[in-house]
file data36.txt (compact mmCIF, C-alpha atoms)
# COMPACT_ATOMS: atom_id res chain seq x y z
CA MET A 336 103.08 96.30 65.29
CA ASN A 337 99.89 94.80 66.68
CA LEU A 338 98.48 96.88 69.50
CA SER A 339 96.43 93.97 70.81
CA SER A 340 95.23 90.52 69.89
CA ASP A 341 92.25 92.15 68.20
CA GLN A 342 94.07 92.10 64.90
CA GLN A 343 94.78 88.36 64.94
CA ILE A 344 91.81 86.98 63.08
CA LEU A 345 91.62 83.25 63.56
CA TRP A 346 88.32 82.35 61.94
CA GLN A 347 86.16 84.27 59.52
CA HIS A 348 82.80 83.59 57.95
CA GLY A 349 81.10 86.44 56.16
CA LEU A 350 80.74 89.38 58.52
CA VAL A 351 81.43 87.29 61.61
CA ASN A 352 85.03 86.91 62.62
CA LEU A 353 86.67 85.56 65.72
CA ASN A 354 89.82 87.36 66.78
CA GLY A 355 92.46 86.33 69.28
CA THR A 356 90.85 88.28 72.11
CA VAL A 357 87.53 86.48 71.85
CA ILE A 358 89.13 83.07 71.57
CA THR A 359 91.43 83.66 74.55
CA THR A 360 88.50 84.92 76.62
CA TRP A 361 86.42 81.88 75.74
CA VAL A 362 89.24 79.49 76.58
CA LEU A 363 89.71 81.27 79.91
CA MET A 364 85.99 81.14 80.65
CA ILE A 365 85.81 77.42 79.86
CA ALA A 366 88.93 76.66 81.89
CA MET A 367 87.69 78.66 84.87
CA SER A 368 84.18 77.21 84.92
CA LEU A 369 85.39 73.65 84.38
CA GLY A 370 88.04 74.09 87.07
CA ALA A 371 85.53 75.51 89.54
CA LYS A 372 83.12 72.66 88.74
CA LEU A 373 85.84 70.04 89.25
CA ILE A 374 87.04 71.53 92.51
CA THR A 375 83.62 72.07 94.06
CA ARG A 376 82.49 68.53 93.16
CA GLY A 377 83.91 67.01 96.32
CA LEU A 378 83.50 69.73 98.92
CA THR A 379 83.98 68.64 102.53
CA THR A 380 83.66 70.37 105.85
CA GLY A 381 85.86 67.85 107.58
CA GLY A 382 89.54 68.06 108.39
CA SER A 383 90.81 66.36 105.25
CA MET A 384 89.97 68.76 102.48
CA SER A 385 91.72 68.78 99.15
CA ARG A 386 94.40 71.37 98.40
CA TRP A 387 92.30 72.96 95.69
CA GLN A 388 89.40 73.45 98.03
CA ALA A 389 91.73 75.11 100.51
CA ILE A 390 92.97 77.50 97.82
CA LEU A 391 89.44 78.39 96.72
CA GLU A 392 88.36 78.94 100.32
CA ILE A 393 91.29 81.29 100.89
CA VAL A 394 90.41 83.23 97.73
CA VAL A 395 86.70 83.49 98.55
CA ILE A 396 87.19 84.41 102.19
CA SER A 397 89.83 87.07 101.54
CA LEU A 398 87.73 88.55 98.75
CA GLN A 399 84.78 88.69 101.12
CA LYS A 400 86.92 90.41 103.75
CA GLU A 401 88.17 93.00 101.26
CA ILE A 402 84.65 93.75 100.04
CA LYS A 403 83.47 94.15 103.63
CA GLU A 404 86.29 96.56 104.42
CA VAL A 405 85.32 98.80 101.51
CA GLY A 406 81.96 99.34 103.14
CA LEU A 407 79.62 96.71 101.73
CA LYS A 408 78.33 95.02 104.86
CA GLN A 409 76.51 92.13 103.14
CA ALA A 410 79.58 91.04 101.23
CA ARG A 411 78.04 87.75 100.14
CA GLU A 412 75.50 89.51 97.93
CA TYR A 413 78.19 91.27 95.95
CA LEU A 414 80.70 88.44 95.94
CA PRO A 415 79.43 86.76 92.73
CA PHE A 416 79.82 89.94 90.67
CA LEU A 417 83.01 91.37 92.16
CA GLY A 418 84.63 87.98 92.65
CA THR A 419 84.04 87.00 89.03
CA ILE A 420 85.63 90.22 87.83
CA PHE A 421 88.62 89.77 90.12
CA LEU A 422 89.21 86.12 89.26
CA PHE A 423 88.84 86.67 85.53
CA LEU A 424 91.14 89.68 85.52
CA SER A 425 93.80 88.15 87.71
CA ILE A 426 93.91 84.88 85.77
CA ALA A 427 93.88 86.71 82.43
CA ASN A 428 96.74 88.96 83.58
CA LEU A 429 98.79 86.31 85.37
CA LEU A 430 98.83 83.94 82.39
CA THR A 431 101.21 86.36 80.65
CA VAL A 432 103.98 84.08 82.01
CA ILE A 433 103.09 81.70 79.18
CA PRO A 434 105.13 82.70 76.11
CA GLY A 435 102.99 83.71 73.15
CA TYR A 436 99.96 84.40 75.32
CA LYS A 437 98.42 87.80 74.73
CA PRO A 438 96.22 88.99 77.58
CA PRO A 439 92.64 89.70 76.48
CA THR A 440 92.72 92.65 78.90
CA GLY A 441 95.23 94.30 76.55
CA SER A 442 92.34 95.00 74.20
CA LEU A 443 90.06 97.97 74.71
CA SER A 444 86.98 95.92 73.81
CA THR A 445 87.43 93.56 76.77
CA THR A 446 88.07 96.30 79.29
CA ALA A 447 85.23 98.43 77.94
CA ALA A 448 82.88 95.45 78.29
CA LEU A 449 83.95 94.92 81.90
CA ALA A 450 83.62 98.63 82.68
CA LEU A 451 80.12 98.61 81.13
CA CYS A 452 79.23 95.69 83.43
CA VAL A 453 80.20 97.87 86.40
CA PHE A 454 78.34 100.83 84.88
CA ILE A 455 75.14 98.77 84.70
CA ALA A 456 75.63 96.91 87.97
CA VAL A 457 75.94 100.06 90.09
CA PRO A 458 72.38 101.35 89.47
CA ILE A 459 70.96 97.84 89.71
CA PHE A 460 72.47 97.27 93.15
CA GLY A 461 71.64 100.83 94.18
CA ILE A 462 67.98 100.55 93.20
CA ARG A 463 67.67 97.13 94.83
CA GLU A 464 69.07 98.52 98.07
CA GLN A 465 67.49 101.98 98.31
CA GLY A 466 64.59 101.90 95.87
CA LEU A 467 64.39 103.93 92.68
CA TRP A 468 63.74 107.26 94.36
CA GLY A 469 66.40 106.76 96.99
CA TYR A 470 68.98 105.87 94.36
CA LEU A 471 68.12 108.87 92.18
CA LYS A 472 68.44 111.08 95.24
CA THR A 473 72.11 110.14 95.60
CA TYR A 474 72.74 112.11 92.42
CA THR A 475 71.65 115.34 94.09
CA THR A 476 73.96 115.04 97.08
CA PRO A 477 75.29 117.24 98.61
CA THR A 478 73.16 119.82 96.74
CA LEU A 479 71.06 119.92 93.60
CA LEU A 480 73.84 121.95 91.97
CA MET A 481 76.02 118.85 91.86
CA LEU A 482 73.57 116.92 89.66
CA PRO A 483 75.35 117.45 86.30
CA PHE A 484 78.73 116.75 87.84
CA ASN A 485 77.51 113.54 89.41
CA ILE A 486 76.14 112.40 86.05
CA ILE A 487 79.38 113.33 84.28
CA SER A 488 81.43 111.49 86.89
CA GLU A 489 79.29 108.40 86.32
CA PHE A 490 80.44 108.31 82.70
CA SER A 491 83.98 109.53 83.19
CA ARG A 492 84.76 106.93 85.83
CA THR A 493 83.52 104.18 83.51
CA LEU A 494 85.85 105.49 80.82
CA ALA A 495 88.65 105.73 83.37
CA LEU A 496 88.11 102.11 84.48
CA ALA A 497 88.30 100.86 80.92
CA VAL A 498 91.25 102.95 79.79
CA ARG A 499 93.27 102.35 82.98
CA LEU A 500 93.20 98.58 82.67
CA PHE A 501 93.70 98.68 78.90
CA GLY A 502 96.60 101.14 79.11
CA ASN A 503 98.41 99.18 81.79
CA MET A 504 98.14 95.81 80.10
CA MET A 505 98.78 97.15 76.60
CA SER A 506 101.85 99.08 77.73
CA GLY A 507 103.20 95.94 79.39
CA VAL A 508 102.84 93.92 76.19
CA MET A 509 104.28 96.74 74.11
CA ILE A 510 107.32 97.33 76.35
CA ILE A 511 108.16 93.63 76.22
CA GLY A 512 107.76 93.68 72.45
CA ILE A 513 110.08 96.65 72.08
CA LEU A 514 112.65 95.23 74.52
CA LEU A 515 112.69 91.94 72.61
CA THR A 516 113.96 93.77 69.56
CA VAL A 517 116.54 95.82 71.52
CA THR A 518 117.90 93.58 74.29
CA PRO A 519 116.49 90.12 73.70
CA PHE A 520 118.02 88.18 76.61
CA VAL A 521 117.53 89.41 80.17
CA PHE A 522 115.44 92.55 80.29
CA PRO A 523 112.22 91.14 78.80
CA ILE A 524 112.14 88.63 81.67
CA ILE A 525 112.42 91.39 84.25
CA MET A 526 109.69 93.37 82.54
CA THR A 527 107.50 90.27 82.41
CA ALA A 528 107.93 89.88 86.16
CA LEU A 529 107.00 93.54 86.59
CA GLY A 530 104.05 92.98 84.28
CA LEU A 531 102.78 90.19 86.56
CA LEU A 532 102.83 92.60 89.50
CA THR A 533 101.07 95.32 87.50
CA GLY A 534 98.47 92.86 86.27
CA MET A 535 97.67 91.70 89.80
CA VAL A 536 97.52 95.27 91.12
CA GLN A 537 95.24 96.29 88.25
CA ALA A 538 92.91 93.36 88.86
CA TYR A 539 92.76 94.32 92.55
CA ILE A 540 92.18 97.98 91.78
CA PHE A 541 89.44 97.29 89.23
CA THR A 542 87.61 95.15 91.79
CA ILE A 543 88.09 97.59 94.65
CA LEU A 544 86.92 100.53 92.56
CA ALA A 545 83.84 98.62 91.44
CA ALA A 546 83.17 97.81 95.09
CA VAL A 547 83.63 101.45 96.09
CA TYR A 548 81.20 102.60 93.38
CA ILE A 549 78.63 100.02 94.44
CA ALA A 550 79.12 100.95 98.09
CA ALA A 551 78.54 104.61 97.25
CA ALA A 552 75.32 103.77 95.40
CA THR A 553 73.89 101.41 98.03
CA ARG A 554 74.04 103.55 101.15
CA ILE A 555 73.07 107.02 102.19
CA PRO A 556 76.31 108.90 101.66
CA SER A 557 77.93 110.39 104.71
CA PRO A 558 79.58 113.82 104.49
CA SER A 559 83.07 112.37 105.05
CA GLY A 560 84.49 109.06 104.02
CA GLU A 561 85.32 107.64 100.63
CA LYS A 562 83.85 110.54 98.68
CA ALA A 563 87.31 111.52 97.49
CA LEU A 564 87.79 108.18 95.78
CA LEU A 565 84.69 108.46 93.67
CA HIS A 566 85.81 110.88 91.04
CA GLY A 567 88.31 109.14 88.82
CA MET B 629 107.31 118.40 52.17
CA ASP B 630 104.04 116.87 51.11
CA SER B 631 101.14 116.59 53.53
CA MET B 632 101.90 112.97 54.40
CA THR B 633 105.38 113.75 55.67
CA LEU B 634 104.00 116.73 57.55
CA ILE B 635 101.35 114.63 59.27
CA ALA B 636 103.85 111.91 60.14
CA LEU B 637 106.29 114.49 61.52
CA ALA B 638 103.61 116.26 63.54
CA SER B 639 102.28 112.95 64.92
CA ILE B 640 105.65 111.67 66.05
CA VAL B 641 106.70 114.95 67.65
CA THR B 642 103.33 115.37 69.32
CA ALA B 643 103.43 111.81 70.64
CA GLY B 644 106.79 112.46 72.29
CA VAL B 645 105.68 115.79 73.74
CA THR B 646 102.41 114.25 74.96
CA ILE B 647 104.05 111.48 76.93
CA ALA B 648 106.84 113.75 78.19
CA ILE B 649 104.62 116.47 79.59
CA GLY B 650 101.88 114.08 80.57
CA CYS B 651 104.21 112.12 82.82
CA ILE B 652 105.44 115.11 84.82
CA GLY B 653 102.25 115.81 86.72
CA PRO B 654 101.39 112.21 87.66
CA ALA B 655 105.04 111.59 88.65
CA LEU B 656 105.02 114.53 91.05
CA GLY B 657 101.61 113.49 92.38
CA GLU B 658 102.61 109.86 92.90
CA GLY B 659 105.80 110.90 94.65
CA ARG B 660 103.84 113.09 97.04
CA ALA B 661 101.27 110.39 97.68
CA VAL B 662 103.88 107.72 98.41
CA ALA B 663 105.90 110.04 100.63
CA LEU B 664 102.86 110.97 102.70
CA ALA B 665 101.75 107.35 102.89
CA LEU B 666 105.19 106.28 104.11
CA SER B 667 105.29 108.91 106.82
CA SER B 668 101.79 108.00 108.00
CA LEU B 669 102.78 104.32 107.94
CA ALA B 670 105.71 105.19 110.19
CA GLN B 671 103.44 107.11 112.53
CA GLN B 672 100.56 104.62 112.63
CA PRO B 673 101.74 101.11 111.78
CA ASP B 674 98.48 99.72 113.15
CA SER B 675 96.36 101.10 110.33
CA SER B 676 98.78 99.91 107.65
CA VAL B 677 96.10 97.86 105.88
CA THR B 678 93.81 100.83 105.30
CA ILE B 679 96.66 103.13 104.35
CA THR B 680 98.10 100.66 101.85
CA ARG B 681 94.74 99.99 100.24
CA THR B 682 93.91 103.67 99.91
CA LEU B 683 97.42 104.30 98.60
CA PHE B 684 97.09 101.67 95.90
CA VAL B 685 93.70 102.89 94.78
CA GLY B 686 94.90 106.49 94.81
CA LEU B 687 98.04 105.61 92.89
CA ALA B 688 95.95 103.88 90.24
CA MET B 689 93.81 107.00 89.97
CA ILE B 690 96.86 109.24 89.53
CA GLU B 691 98.50 106.80 87.17
CA SER B 692 95.48 106.72 84.89
CA LEU B 693 96.23 110.34 83.96
CA ALA B 694 99.63 109.34 82.63
CA LEU B 695 98.01 106.38 80.92
CA TYR B 696 95.60 108.63 79.05
CA CYS B 697 98.62 110.44 77.62
CA PHE B 698 100.25 107.12 76.81
CA VAL B 699 97.17 105.88 74.97
CA VAL B 700 96.93 109.13 73.02
CA SER B 701 100.57 108.94 71.96
CA MET B 702 100.19 105.26 71.01
CA VAL B 703 97.18 106.14 68.87
CA LEU B 704 99.17 108.94 67.26
CA ILE B 705 102.00 106.60 66.35
CA PHE B 706 100.34 103.28 65.54
CA ALA B 707 96.71 104.03 64.68
CA ASN B 708 96.71 107.60 63.45
CA PRO B 709 93.34 108.24 61.74
CA PHE B 710 94.60 111.20 59.66
CA TYR B 711 97.62 109.33 58.41
CA ASN B 712 95.55 106.25 57.63
CA HIS B 713 93.05 108.42 55.74
CA LEU B 714 95.82 109.86 53.56
CA LEU B 715 97.30 106.41 53.12
CA ALA B 716 93.94 105.07 51.93
CA GLN B 717 93.61 107.99 49.52
CA ALA B 718 97.07 107.40 48.12
CA GLY B 719 96.27 103.71 47.74
CA GLY B 720 92.99 104.48 45.99
CA LYS B 721 94.63 106.51 43.24
call {"tool": "encode", "arguments": {"input": "data36.txt", "output": "C-alpha cells"}}
result
Amino acid sequence: MNLSSDQQILWQHGLVNLNGTVITTWVLMIAMSLGAKLITRGLTTGGSMSRWQAILEIVVISLQKEIKEVGLKQAREYLPFLGTIFLFLSIANLLTVIPGYKPPTGSLSTTAALALCVFIAVPIFGIREQGLWGYLKTYTTPTLLMLPFNIISEFSRTLALAVRLFGNMMSGVMIIGILLTVTPFVFPIIMTALGLLTGMVQAYIFTILAAVYIAAATRIPSPSGEKALLHG
Amino acid sequence: MDSMTLIALASIVTAGVTIAIGCIGPALGEGRAVALALSSLAQQPDSSVTITRTLFVGLAMIESLALYCFVVSMVLIFANPFYNHLLAQAGGK
C-alpha cells in the first residue's frame, strides 16, 4: 500500500524525478495564484462587487481577526505568511472530495517543509520586532535555567507541527483505503466527510499555532497567558 | 522460525500494542479537556469563542501524542527498515 503520493513517480530524468506530491502542489499553487490574480483584477469599493471578491474579503477579514485575537496586534504584517499557509492547507485538504486526489499534505515532505517555514519565520519576525538581543533574551525567560528547554521546545514543536498534520491527513487517506476494501459502499463516504472536517481543523490549527509561536517571539512574554500552549 | 518471520511477528505485535496503549492516554486527556470546556461553556457562554479556540488547539496538541504512536505503528507495518534490510539481503543472494 502506498503511504502517500510520494511513491507515484510521474516523470523521471536521471536523478531528478517528479512525484505525485510535487505535481499536485504545483497544480495547486498555479490554480491558487491564477485564481487570486483573476479575482483581484476587477476590485471595486462600490456596492456592486463580484461574488468572488466578497468571498475573498470574508476570508481575508476573518483571518485578520483570528490573527489579532491570538495576540498579534499588527495583523496585516503577518497576514501574507499565515494566510498563505492557511489557504494552501485548507484548499489542499478540502480537495479530497475529488475522487483519486491524494492530498499533498499526506506526505511528510510537504508538512516538514511547511513546519520549517514556520521554524525560520519565527526568529525572523522576532528579530525584526525586538532586535537580535531582545529576541535572544526570550530564550532565557523566566530564568537562565530554562535556556536548554526553550531551545529543545523550539525543535520539538517544529517536529510536532509536521508530524501532526502528516499523521492526520495520512490516517484519513489510509482509513478510506482500508474501508474501500472492506465495506466499499457507504462508509468511505462518511469517512471522507469526516476527513474534510479534520482537514479544515488541521489547517486552522497549523495556522493558529504558527501565529501563537510568532506572537510569543515578537513580544515581551508576560508571566501568565498563552505560555501553556507553547510546548507542543 | 527464521529471523524474517521473527521480525515480521515482532513488528506486527508491537504495532498493535503501540497504537493500543498510545491511544489510552490521549483519549483520557481529550475526554477531560472536552468535559471541562463544556462545563465552562455552560457557565460562561459569553467567552465561547476563546474557549472553543483554546479547546481546539489543546485538542490538537493532545491528539498529536496519539498520532506519534500511529505514525510509529504505520512505519512498523508498512515501511519497516529492519524487515526491508533483510528483504534486500535475501534478494541479493
call {"tool": "residues_around", "arguments": {"input": "data36.txt", "residues": "region 713-719 of chain B", "least_positions_apart": "2", "cutoff": "10 Å", "atoms": "all atoms listed in the file", "output": "NGL selection string"}}
result
:B and (631-632 or 635 or 708-711 or 721)
call {"tool": "residues_around", "arguments": {"input": "data36.txt", "residues": "region 671-682 of chain B", "least_positions_apart": "3", "cutoff": "10 Å", "atoms": "all atoms listed in the file", "output": "ChimeraX atom specification"}}
result
/A:401,404-405,539-540,543,561,564 /B:662,665-668,685-688
call {"tool": "interface_residues", "arguments": {"input": "data36.txt", "of": "chain B", "to": "chain A", "cutoff": "8 Å", "atoms": "all atoms listed in the file", "output": "ChimeraX atom specification"}}
result
/B:684-686,688-689,692,695-696,698-699,706
call {"tool": "atom_distance", "arguments": {"input": "data36.txt", "atom1": "CA of Lys400 (chain A)", "atom2": "CA of Val547 (chain A)"}}
result
13.8 Å
call {"tool": "residues_around", "arguments": {"input": "data36.txt", "residues": "region 520-525 of chain A", "least_positions_apart": "6", "cutoff": "12 Å", "atoms": "only C-alpha atoms", "output": "count of residues only"}}
result
14
call {"tool": "atom_distance", "arguments": {"input": "data36.txt", "atom1": "CA of Thr518 (chain A)", "atom2": "CA of Ser340 (chain A)"}}
result
23.3 Å
